[in-house]
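Here is structure11.cif, consisting of mmCIF, C-alpha atoms:
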data_upload
loop_
_atom_site.label_atom_id
_atom_site.label_comp_id
_atom_site.auth_asym_id
_atom_site.auth_seq_id
_atom_site.Cartn_x
_atom_site.Cartn_y
_atom_site.Cartn_z
CA ASP A 268 20.96 -1.00 3.15
CA ALA A 269 18.89 1.59 1.26
CA GLY A 270 15.15 1.14 1.01
CA VAL A 271 12.95 1.85 -1.97
CA THR A 272 13.73 5.27 -3.40
CA GLN A 273 11.49 7.41 -5.56
CA SER A 274 12.05 10.62 -7.47
CA PRO A 275 11.07 13.33 -7.59
CA THR A 276 9.58 13.88 -4.14
CA HIS A 277 7.10 16.45 -5.34
CA LEU A 278 5.93 17.50 -8.77
CA ILE A 279 3.53 20.10 -10.10
CA LYS A 280 2.11 19.79 -13.60
CA THR A 281 -0.73 21.33 -15.56
CA ARG A 282 -3.58 19.55 -17.26
CA GLY A 283 -2.63 17.87 -20.52
CA GLN A 284 1.03 17.53 -19.66
CA GLN A 285 2.94 14.30 -19.31
CA VAL A 286 4.88 13.09 -16.27
CA THR A 287 7.49 10.42 -15.55
CA LEU A 288 8.05 9.09 -12.07
CA ARG A 289 11.01 6.95 -11.11
CA CYS A 290 11.58 4.16 -8.63
CA SER A 291 14.63 2.21 -7.50
CA PRO A 292 13.85 -1.03 -5.67
CA ILE A 293 15.70 -2.47 -2.75
CA SER A 294 18.90 -4.14 -3.86
CA GLY A 295 18.16 -7.71 -4.89
CA HIS A 296 14.45 -7.13 -5.42
CA LYS A 297 13.26 -7.94 -8.91
CA SER A 298 9.62 -6.91 -8.71
CA VAL A 299 8.24 -3.38 -8.67
CA SER A 300 4.62 -2.39 -8.16
CA TRP A 301 3.02 1.03 -8.56
CA TYR A 302 0.08 2.32 -6.54
CA GLN A 303 -1.90 5.56 -6.65
CA GLN A 304 -3.05 7.01 -3.35
CA VAL A 305 -5.58 9.79 -3.57
CA LEU A 306 -5.78 11.99 -0.48
CA GLY A 307 -7.84 10.36 2.23
CA GLN A 308 -7.97 6.95 0.56
CA GLY A 309 -5.99 3.76 0.51
CA PRO A 310 -3.51 3.01 -2.26
CA GLN A 311 -4.87 1.55 -5.50
CA PHE A 312 -2.87 -0.88 -7.59
CA ILE A 313 -1.72 0.35 -10.99
CA PHE A 314 0.97 -2.04 -12.26
CA GLN A 315 3.35 -4.79 -11.29
CA TYR A 316 6.55 -5.56 -13.17
CA TYR A 317 8.80 -8.54 -12.66
CA GLU A 318 11.94 -9.23 -14.62
CA LYS A 319 11.05 -6.39 -16.99
CA GLU A 320 7.66 -7.86 -17.86
CA GLU A 321 4.23 -6.58 -16.87
CA ARG A 322 2.67 -9.11 -14.53
CA GLY A 323 -0.42 -7.24 -13.44
CA ARG A 324 -2.44 -4.16 -14.25
CA GLY A 325 -5.11 -2.39 -12.26
CA ASN A 326 -8.18 -0.56 -13.47
CA PHE A 327 -6.42 2.49 -14.88
CA PRO A 328 -6.72 4.06 -18.36
CA ASP A 329 -4.16 3.63 -21.09
CA ARG A 330 -2.76 7.06 -20.24
CA PHE A 331 -0.85 5.20 -17.54
CA SER A 332 2.12 3.13 -18.64
CA ALA A 333 5.24 1.79 -17.03
CA ARG A 334 8.39 -0.09 -17.74
CA GLN A 335 11.17 -1.83 -15.86
CA PHE A 336 14.81 -1.63 -16.73
CA PRO A 337 17.54 -4.33 -16.61
CA ASN A 338 18.69 -2.97 -13.23
CA TYR A 339 15.08 -3.49 -11.99
CA SER A 340 14.38 0.21 -11.58
CA SER A 341 11.09 1.37 -12.98
CA GLU A 342 9.36 4.36 -14.48
CA LEU A 343 5.68 5.24 -14.39
CA ASN A 344 4.43 7.51 -17.15
CA VAL A 345 1.15 9.35 -17.19
CA ASN A 346 0.05 11.18 -20.34
CA ALA A 347 -2.60 13.86 -20.83
CA LEU A 348 -2.78 14.62 -17.13
CA LEU A 349 -6.14 15.29 -15.54
CA LEU A 350 -6.90 17.08 -12.29
CA GLY A 351 -7.97 13.73 -10.87
CA ASP A 352 -4.47 12.35 -11.36
CA SER A 353 -3.31 14.44 -8.40
CA ALA A 354 -2.19 11.89 -5.84
CA LEU A 355 0.69 10.27 -4.03
CA TYR A 356 2.27 7.67 -6.31
CA LEU A 357 3.84 4.83 -4.41
CA CYS A 358 6.34 2.31 -5.58
CA ALA A 359 6.82 -0.99 -3.80
CA SER A 360 9.46 -3.62 -4.36
CA SER A 361 9.66 -7.30 -3.57
CA PHE A 362 11.98 -10.14 -4.41
CA LEU A 363 9.41 -12.25 -6.18
CA ALA A 364 6.38 -11.41 -8.29
CA GLY A 365 4.08 -13.01 -5.75
CA GLY A 366 6.03 -11.82 -2.76
CA ILE A 367 3.36 -9.61 -1.30
CA ASN A 368 4.53 -10.31 2.22
CA GLU A 369 7.97 -9.04 1.29
CA GLN A 370 6.67 -5.88 -0.34
CA PHE A 371 8.32 -2.67 0.83
CA PHE A 372 6.99 0.76 -0.06
CA GLY A 373 8.92 3.86 -0.94
CA PRO A 374 8.04 7.34 0.36
CA GLY A 375 6.10 8.20 -2.78
CA THR A 376 6.00 11.04 -5.27
CA ARG A 377 3.39 13.71 -4.61
CA LEU A 378 1.92 14.80 -7.97
CA THR A 379 -0.22 17.90 -8.15
CA VAL A 380 -2.05 18.66 -11.39
CA LEU A 381 -3.29 22.23 -11.80
CA GLY B 172 -15.15 -3.93 -7.82
CA GLU B 173 -13.27 -5.33 -4.90
CA SER B 174 -12.99 -3.21 -1.84
CA VAL B 175 -11.78 -3.42 1.69
CA GLY B 176 -13.62 -1.15 4.07
CA LEU B 177 -13.00 0.15 7.55
CA HIS B 178 -15.62 0.72 10.22
CA LEU B 179 -14.19 3.94 11.62
CA PRO B 180 -12.30 6.66 9.78
CA THR B 181 -10.84 8.13 13.00
CA LEU B 182 -9.92 6.74 16.41
CA SER B 183 -8.68 8.71 19.40
CA VAL B 184 -7.21 6.93 22.43
CA GLN B 185 -5.34 7.82 25.58
CA GLU B 186 -1.64 7.09 25.75
CA GLY B 187 -1.12 3.75 27.41
CA ASP B 188 -4.55 2.39 26.49
CA ASN B 189 -5.11 -0.40 24.01
CA SER B 190 -6.33 0.45 20.51
CA ILE B 191 -8.52 -1.67 18.28
CA ILE B 192 -8.83 -0.87 14.59
CA ASN B 193 -11.41 -2.77 12.57
CA CYS B 194 -11.69 -3.72 8.93
CA ALA B 195 -14.30 -5.50 6.82
CA TYR B 196 -13.22 -7.21 3.64
CA SER B 197 -15.48 -8.16 0.79
CA ASN B 198 -13.65 -10.79 -1.26
CA SER B 199 -14.25 -14.20 0.27
CA ALA B 200 -11.48 -15.59 -1.94
CA SER B 201 -8.85 -13.43 -0.22
CA ASP B 202 -6.49 -15.60 1.77
CA TYR B 203 -3.81 -13.21 2.92
CA PHE B 204 -4.18 -9.99 4.87
CA ILE B 205 -1.76 -7.27 5.92
CA TRP B 206 -1.93 -4.27 8.21
CA TYR B 207 0.10 -1.23 7.21
CA LYS B 208 0.96 1.93 9.13
CA GLN B 209 1.39 5.14 7.21
CA GLU B 210 2.88 8.20 8.84
CA SER B 211 2.65 11.62 7.32
CA GLY B 212 4.91 12.01 4.31
CA LYS B 213 5.88 8.35 4.23
CA GLY B 214 4.87 5.25 2.39
CA PRO B 215 2.93 2.43 4.07
CA GLN B 216 4.99 0.40 6.52
CA PHE B 217 4.30 -3.32 7.04
CA ILE B 218 3.09 -4.07 10.58
CA ILE B 219 1.78 -7.60 10.65
CA ASP B 220 0.19 -10.13 8.35
CA ILE B 221 -2.08 -13.14 8.68
CA ARG B 222 -3.04 -15.99 6.39
CA SER B 223 -6.54 -17.32 6.11
CA ASN B 224 -5.64 -20.60 7.81
CA MET B 225 -5.09 -18.67 11.05
CA ASP B 226 -7.44 -16.63 13.21
CA LYS B 227 -4.89 -14.84 15.36
CA ARG B 228 -1.31 -13.71 15.07
CA GLN B 229 0.75 -11.74 17.54
CA GLY B 230 3.71 -9.47 17.07
CA GLN B 231 5.44 -6.97 19.26
CA ARG B 232 2.58 -5.00 20.93
CA VAL B 233 0.29 -5.83 18.00
CA THR B 234 -2.21 -8.60 17.43
CA VAL B 235 -4.24 -9.28 14.32
CA LEU B 236 -7.51 -11.20 14.51
CA LEU B 237 -9.25 -12.71 11.50
CA ASN B 238 -12.88 -13.81 11.47
CA LYS B 239 -13.55 -15.41 8.10
CA THR B 240 -17.18 -16.13 8.94
CA VAL B 241 -18.07 -12.45 8.95
CA LYS B 242 -15.11 -11.34 6.83
CA HIS B 243 -13.70 -9.14 9.56
CA LEU B 244 -10.15 -8.20 10.45
CA SER B 245 -8.90 -6.26 13.44
CA LEU B 246 -5.61 -4.81 14.64
CA GLN B 247 -5.00 -4.49 18.34
CA ILE B 248 -2.21 -2.25 19.58
CA ALA B 249 -1.27 -2.68 23.22
CA ALA B 250 -0.13 0.19 25.44
CA THR B 251 -0.50 2.78 22.71
CA GLN B 252 2.37 5.24 22.43
CA PRO B 253 2.60 8.68 20.76
CA GLY B 254 4.63 7.12 17.97
CA ASP B 255 1.64 4.97 17.07
CA SER B 256 -0.17 8.03 15.72
CA ALA B 257 -0.67 7.36 12.02
CA VAL B 258 -3.17 6.13 9.47
CA TYR B 259 -3.65 2.38 9.52
CA PHE B 260 -4.71 0.41 6.47
CA CYS B 261 -5.79 -3.14 6.11
CA ALA B 262 -5.11 -4.81 2.78
CA GLU B 263 -6.22 -8.09 1.29
CA THR B 264 -4.95 -10.24 -1.50
CA ILE B 265 -4.94 -13.74 -2.89
CA GLN B 266 -1.67 -15.61 -2.50
CA GLY B 267 0.36 -15.29 -5.66
CA ALA B 268 -1.71 -12.41 -6.96
CA GLN B 269 -0.06 -9.27 -8.19
CA LYS B 270 -1.96 -6.70 -6.22
CA LEU B 271 -3.02 -5.64 -2.76
CA VAL B 272 -6.51 -4.21 -2.23
CA PHE B 273 -6.40 -1.52 0.43
CA GLY B 274 -9.12 -0.14 2.60
CA GLN B 275 -9.75 3.55 3.15
CA GLY B 276 -7.73 3.80 6.36
CA THR B 277 -8.26 4.72 10.01
CA ARG B 278 -6.46 7.68 11.53
CA LEU B 279 -5.26 6.85 15.04
CA THR B 280 -4.63 9.82 17.33
CA ILE B 281 -2.98 9.40 20.72
CA ASN B 282 -3.99 11.77 23.49
CA PRO B 283 -1.40 12.49 26.22
#
This structure in structure tokens:
Amino acid sequence: DAGVTQSPTHLIKTRGQQVTLRCSPISGHKSVSWYQQVLGQGPQFIFQYYEKEERGRGNFPDRFSARQFPNYSSELNVNALLLGDSALYLCASSFLAGGINEQFFGPGTRLTVL
Amino acid sequence: GESVGLHLPTLSVQEGDNSIINCAYSNSASDYFIWYKQESGKGPQFIIDIRSNMDKRQGQRVTVLLNKTVKHLSLQIAATQPGDSAVYFCAETIQGAQKLVFGQGTRLTINP
């Protein structure tokens, strides 16, 4: 059974550009969460979506947005990129919205902003 | 804001020895804790969890200890192997909440 998949694996953008990252949860999982992991730090929560609705949002600016599709896959969008947005973006899926103990992480998308 | 900290950023141990990784958490309302292992180029991998109504939980070669009095969490790895080399994160949350709060991480290096 496939785990959480994310695309692309790596991405290079320049300041001011926009980026879209994609995540496919484990089959049967209805909740997707996004985390940002800056080099040398632990992941920081950005969003959680469950059944296509936003269920939680971390302390990130409005430049960050996300959505979840009927097949439970998700996209994370970041507008007006800043150098500080360079990070590993992790997607995690779980069956339930509060199913933290069932949360499985994908390999992440490495975003570099120049 | 909330934060989960770690006492040591790096830990180096001999293969076969036991490893202990420590973590201090700050939110007294947190009632669920998880240890994750993150290898290079991969996402965090669940190792073991513990709820606040417990003070110890054992898995295969790993044990998590929780001391709510001093808000301290530790991960013990028995008979450390080369494959245990990774960055280890503790994370805290409140049951039913939408987010995990991660610490900075401890890099565990195994010496042959």
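Comparing A:Gln311, A:Ser274, A:Gln285, A:Gln304 by their smallest distance to chain B, the closest is A:Gln311 (using all atoms listed in the file).
With CA of Arg278 (chain B) on one side and CA of Ile313 (chain A) on the other, the separation reads 24.2 Å.
Take the PyMOL selection byres ((chain B) within 8 of (chain A)) and apply it to this file: it picks Ile205, Gly212, Lys213, Gly214, Pro215, Gln216, Phe217, Asp220, Phe260, Gln266, Gly267, Ala268, Gln269, Lys270, Leu271, Val272, Phe273, Gly274, Gln275 and Gly276 of chain B.
Using the PyMOL selection byres ((chain B and resi 181) around 8) on this structure selects Leu179, Pro180, Leu182, Ser183, Thr277, Arg278, Leu279 and Thr280 of chain B.
Nearest to Leu244 (chain B) of all the residues B:Ser256, B:Asn282, B:Gln209, B:Ser223 is B:Ser223, counting only C-alpha atoms.
Going from CA of Thr281 (chain A) over to CA of Ser340 (chain A), you cover 26.3 Å.
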**Message:** As a check of understanding, name the residues that the PyMOL selection byres ((chain B and resi 239-241) around 8) selects in the supplied structure, as a VMD selection string.
**Reply:** chain B and resid 199 223 237 to 238 242 to 243
Could you write out the selected residues, including C-alpha atoms, as an mmCIF file, in the coordinates of the input?
data_model
loop_
_atom_site.group_PDB
_atom_site.id
_atom_site.type_symbol
_atom_site.label_atom_id
_atom_site.label_comp_id
_atom_site.auth_asym_id
_atom_site.auth_seq_id
_atom_site.Cartn_x
_atom_site.Cartn_y
_atom_site.Cartn_z
ATOM 1 C CA SER B 199 -14.250 -14.200 0.270
ATOM 2 C CA SER B 223 -6.540 -17.320 6.110
ATOM 3 C CA LEU B 237 -9.250 -12.710 11.500
ATOM 4 C CA ASN B 238 -12.880 -13.810 11.470
ATOM 5 C CA LYS B 242 -15.110 -11.340 6.830
ATOM 6 C CA HIS B 243 -13.700 -9.140 9.560
#
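Using all atoms listed in the file, the nearest neighbour of Leu349 (chain A) within the list A:Gln284, A:Ser332, A:Thr272, A:Ser361 is A:Gln284.
Computed from the coordinates, the CA of Leu306 (chain A) to CA of Val258 (chain B) distance equals 11.8 Å.
The neighbours of Gln231 (chain B) here are the residues that come within 12 Å of it, using only C-alpha atoms and leaving out any residue fewer than 6 positions away in the same chain; they are Ile218, Ile219, Gln247, Ile248, Ala249, Ala250 and Thr251 of chain B.
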**Test item: residues at most 10 Å from Asn338 (chain A), all atoms listed in the file, excluding those fewer than 5 positions along its chain, as a ChimeraX atom specification** = /A:291-292,294-297,318-319
Output file for the residues above (C-alpha atoms, as a PDB file, in the coordinates of the input):
ATOM      1  CA  SER A 291      14.630   2.210  -7.500  1.00  0.00           C
ATOM      2  CA  PRO A 292      13.850  -1.030  -5.670  1.00  0.00           C
ATOM      3  CA  SER A 294      18.900  -4.140  -3.860  1.00  0.00           C
ATOM      4  CA  GLY A 295      18.160  -7.710  -4.890  1.00  0.00           C
ATOM      5  CA  HIS A 296      14.450  -7.130  -5.420  1.00  0.00           C
ATOM      6  CA  LYS A 297      13.260  -7.940  -8.910  1.00  0.00           C
ATOM      7  CA  GLU A 318      11.940  -9.230 -14.620  1.00  0.00           C
ATOM      8  CA  LYS A 319      11.050  -6.390 -16.990  1.00  0.00           C
TER       9      LYS A 319
END
Specify the axis-aligned box that encloses all atoms of region 191-208 of chain B listed in the file after padding of 6 Å on each side, stating its centre and edge lengths in Å to one decimal as lines of an AutoDock Vina configuration file.
center_x = -7.3
center_y = -6.8
center_z = 8.2
size_x = 28.4
size_y = 29.5
size_z = 32.2
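Residue nearest Ser245 (chain B) within the list B:Met225, B:Ile265, B:Cys194, B:Ile281: B:Cys194 [criterion: smallest interatomic distance, only C-alpha atoms].
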